[in-house]
Structure formats: C-alpha cells, structure tokens
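*Asks:* The structure's right below; bear with me while I get my questions together.
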Amino acid sequence: MKGTGLEIDTVVAELRTLRLESLENRQRRDRPPKLPSRKVLVGIADGLSAVLFPHRLGLPELTNQSVDFYVGHMLDVTLRDLLVQVRRELRFVSGLDATSNTDREQAAAIIQAFAKRLPHIRSLLESDIQAAYEGDPAARSIDEILVCYPGFTAITYYRLAHELHSLGAPLIARMISEIAHSATGIEIHPGARISGSFFIDHGTGVVIGETAIIGEHVRLYQAVTLGAKRFPVDENGALVKGNVRHPIVEDDVVIYAGATILGRITIGRGSTIGGNVWLTRSVPPGSNISQAQIRNEVFDGGAGI
C-alpha cells in the first residue's frame, strides 16, 4: 500500500512461511485441507429449520396449498448442499486428493438416513416447545417460543447436529452446534444424548458436554454446566479422547442458574439442584440440593465434595 508506510508484501511473505510450516507439520504442504464451509452450513441450518417449521421459520406468505411444495423444494436444495459438505468432511478425514467412490457412497447414505430422521426430530422438538410453554409463565404462545427463545434455537440445532454426529459426520455436527453457540451463548456438544421435553430457560452460558446424558422433562437455567471433573492422560501425557466424563441427568430434574455439575455422576430422577451449587457426587432420586447443604457438608466433614 503506497504512501501508508505499511509493508504489506513483508507481512504476506511472513504469513506464507508460517502457513507452509503448519501444513508441513501436518503432512499437507502440497494439499491444504478443504474443510466444510461454515458459511454454507449457516444456510443449511436455516433451511432445515424452515423445513421443520415452514409456517413460522419459512416464507411468510405460505398457504396451506403451497406449504408442501415449499418444504419439498427447501428439502431438496438443502440436502443437496449438505451432501457436498459431507463429502468434504469425508475427503478431509481420508486425506485423499479427490473424493473417492467410497466416500461418495457413504455421503449419500448419510444424507438419506438423515432425511428419514427429520420427522423424528420434528416430533422431539414439538415436545421441547411444549415443555418450554408449560415451564415458563412468561411464554404467551407456542409461536413466541419458536421465534424468540434462544434455548429452543440451540436445542433445534443440537437435534439436527446430533443426528449427523451419530450418522458419521461429527465435524459438520460440531460446526452446526458452534453456529448455535455463537448465536445463543448456549453450547451443546452434538455427542450428548438428550431425550424429549427438554427446556433451557434464558440459556446464556449453558454448557453440556459430549458424553452427558439427559432424560425426559429436564429443565436447565442460565449458566448451568454439565462438565468433566478431570481429564485423564496417557503414558505420553496426551489427553485421553472419547472417555465418558460428563453427568447423567435422569427424568424430571430441574437445575437452577449457575449450577456446576462435574464428572460421570448421576442426578437422580425428580431432583432439584439449586442455583450456584458445585456438585461432584451422585445424588439419589428426589434430592433437593442447595448451597446451604453443600456448605454444611464441607464444614461438618472437613472436606469438599
């Protein structure tokens, strides 16, 4: 850039050197990875949401006569776009220079299986909407929940991502979950297993880890963490991947704002976990855990939980 004093060519050269060093370290110097596109996935997630709820999240002028045509068209366009992204993920994983026939067949199988799961996803989301309506006195209508509640948006994206994760597209699933995280402040790993009638009220700061299991009719408030207590390492000091490390939350549990629940522990059915509680042990069904109880255990027992 002449006249600005900026040495653009020098910066470009230094960035090139660092980029090539990074590719060299990953044995990809001559073939930089072509990852799925986050920008394209934003459109895919929006399109799938419109397919699931066309009257509320689709075109405003839809009629009963045109809605099926619109859903069919959106589904065709969106699944075609998703197929391209799944191929990209499989190619990235294989490390090949071009998409193989095996990857093409696997991508097609993933998309076909995913499409068949959409009615099931819609059914689960109906239960989630109803749980939100019944659980929040401020909710004036089902439609308000669908278009206004960040918790429902995060759950919608999670349910789509979870199916893709289960079917063999974990990178795309994680990217969709992170799109929702950016938009809502709610982070749900697509590997988590969450049953129906799930409600996140307010939601900002909620974190649900990869191996968490959540039962029916569970309600979380803002800043709840279902996380890992510790991170085991192997003999070389590297983190062990894939081990179960997050809580199991059984049916009909309420967890209030700011609660932190860590490790592979079980919160028994029908329990209530109070705000700002730090919990690292299992609790039996019907428990009511508060900060006062936790403090008493620490002082009486001489050690924390």
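Labels for the structure tokens follow display order: chains A, B, ..., residues from 1 in each chain, ligands from 1.
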Find the spatial neighbours of A:Ala108, counting only C-alpha atoms, within a cut-off of 12 Å - ignore same-chain residues fewer than 5 positions away - and output them as a PyMOL selection string.

*Replies:* chain A and resi 79-87+90+101-103+113-115+167-169

*Asks:* Can you write just those residues out, C-alpha atoms, as a compact mmCIF listing (two decimals), in the first residue's frame?

*Replies:*
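selection-v7.txt, written as the output of this step:
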```
# COMPACT_ATOMS: atom_id res chain seq x y z
CA LEU A 79 -29.93 -31.74 1.36
CA ARG A 80 -28.00 -31.27 -1.89
CA ASP A 81 -25.93 -28.56 -0.22
CA LEU A 82 -25.44 -30.75 2.84
CA LEU A 83 -24.32 -33.65 0.65
CA VAL A 84 -21.48 -31.51 -0.73
CA GLN A 85 -20.37 -30.58 2.78
CA VAL A 86 -20.47 -34.21 3.98
CA ARG A 87 -18.32 -35.20 1.01
CA LEU A 90 -15.16 -37.44 4.41
CA ASN A 101 -16.30 -43.53 -4.77
CA THR A 102 -16.44 -44.98 -1.27
CA ASP A 103 -16.72 -41.51 0.23
CA ALA A 113 -30.55 -41.67 6.65
CA PHE A 114 -30.57 -38.08 7.93
CA ALA A 115 -33.56 -37.16 5.78
CA LEU A 167 -24.54 -40.96 11.31
CA GLY A 168 -20.84 -40.29 10.74
CA ALA A 169 -20.40 -36.55 10.12
```

*Asks:* May I ask for the distance between atom CA of A:Glu134 and atom CA of A:Asp201, given in Å to one decimal place?

*Replies:*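 We find that atom CA of A:Glu134 and atom CA of A:Asp201 lie 11.5 Å from each other.
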
*Asks:* So, with only C-alpha atoms as the atoms that count, which of A:Glu178, A:Asp251, A:Glu21, A:Glu163 lies closest to A:Leu41?

*Replies:*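 Going through A:Glu178, A:Asp251, A:Glu21, A:Glu163 one by one, the smallest distance to A:Leu41 is for A:Glu178.
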
*Asks:* Which of these, A:His162, A:His202, A:Arg193, A:Arg264, has the shortest distance to A:Ala139 once you count only C-alpha atoms?

*Replies:* A:His202
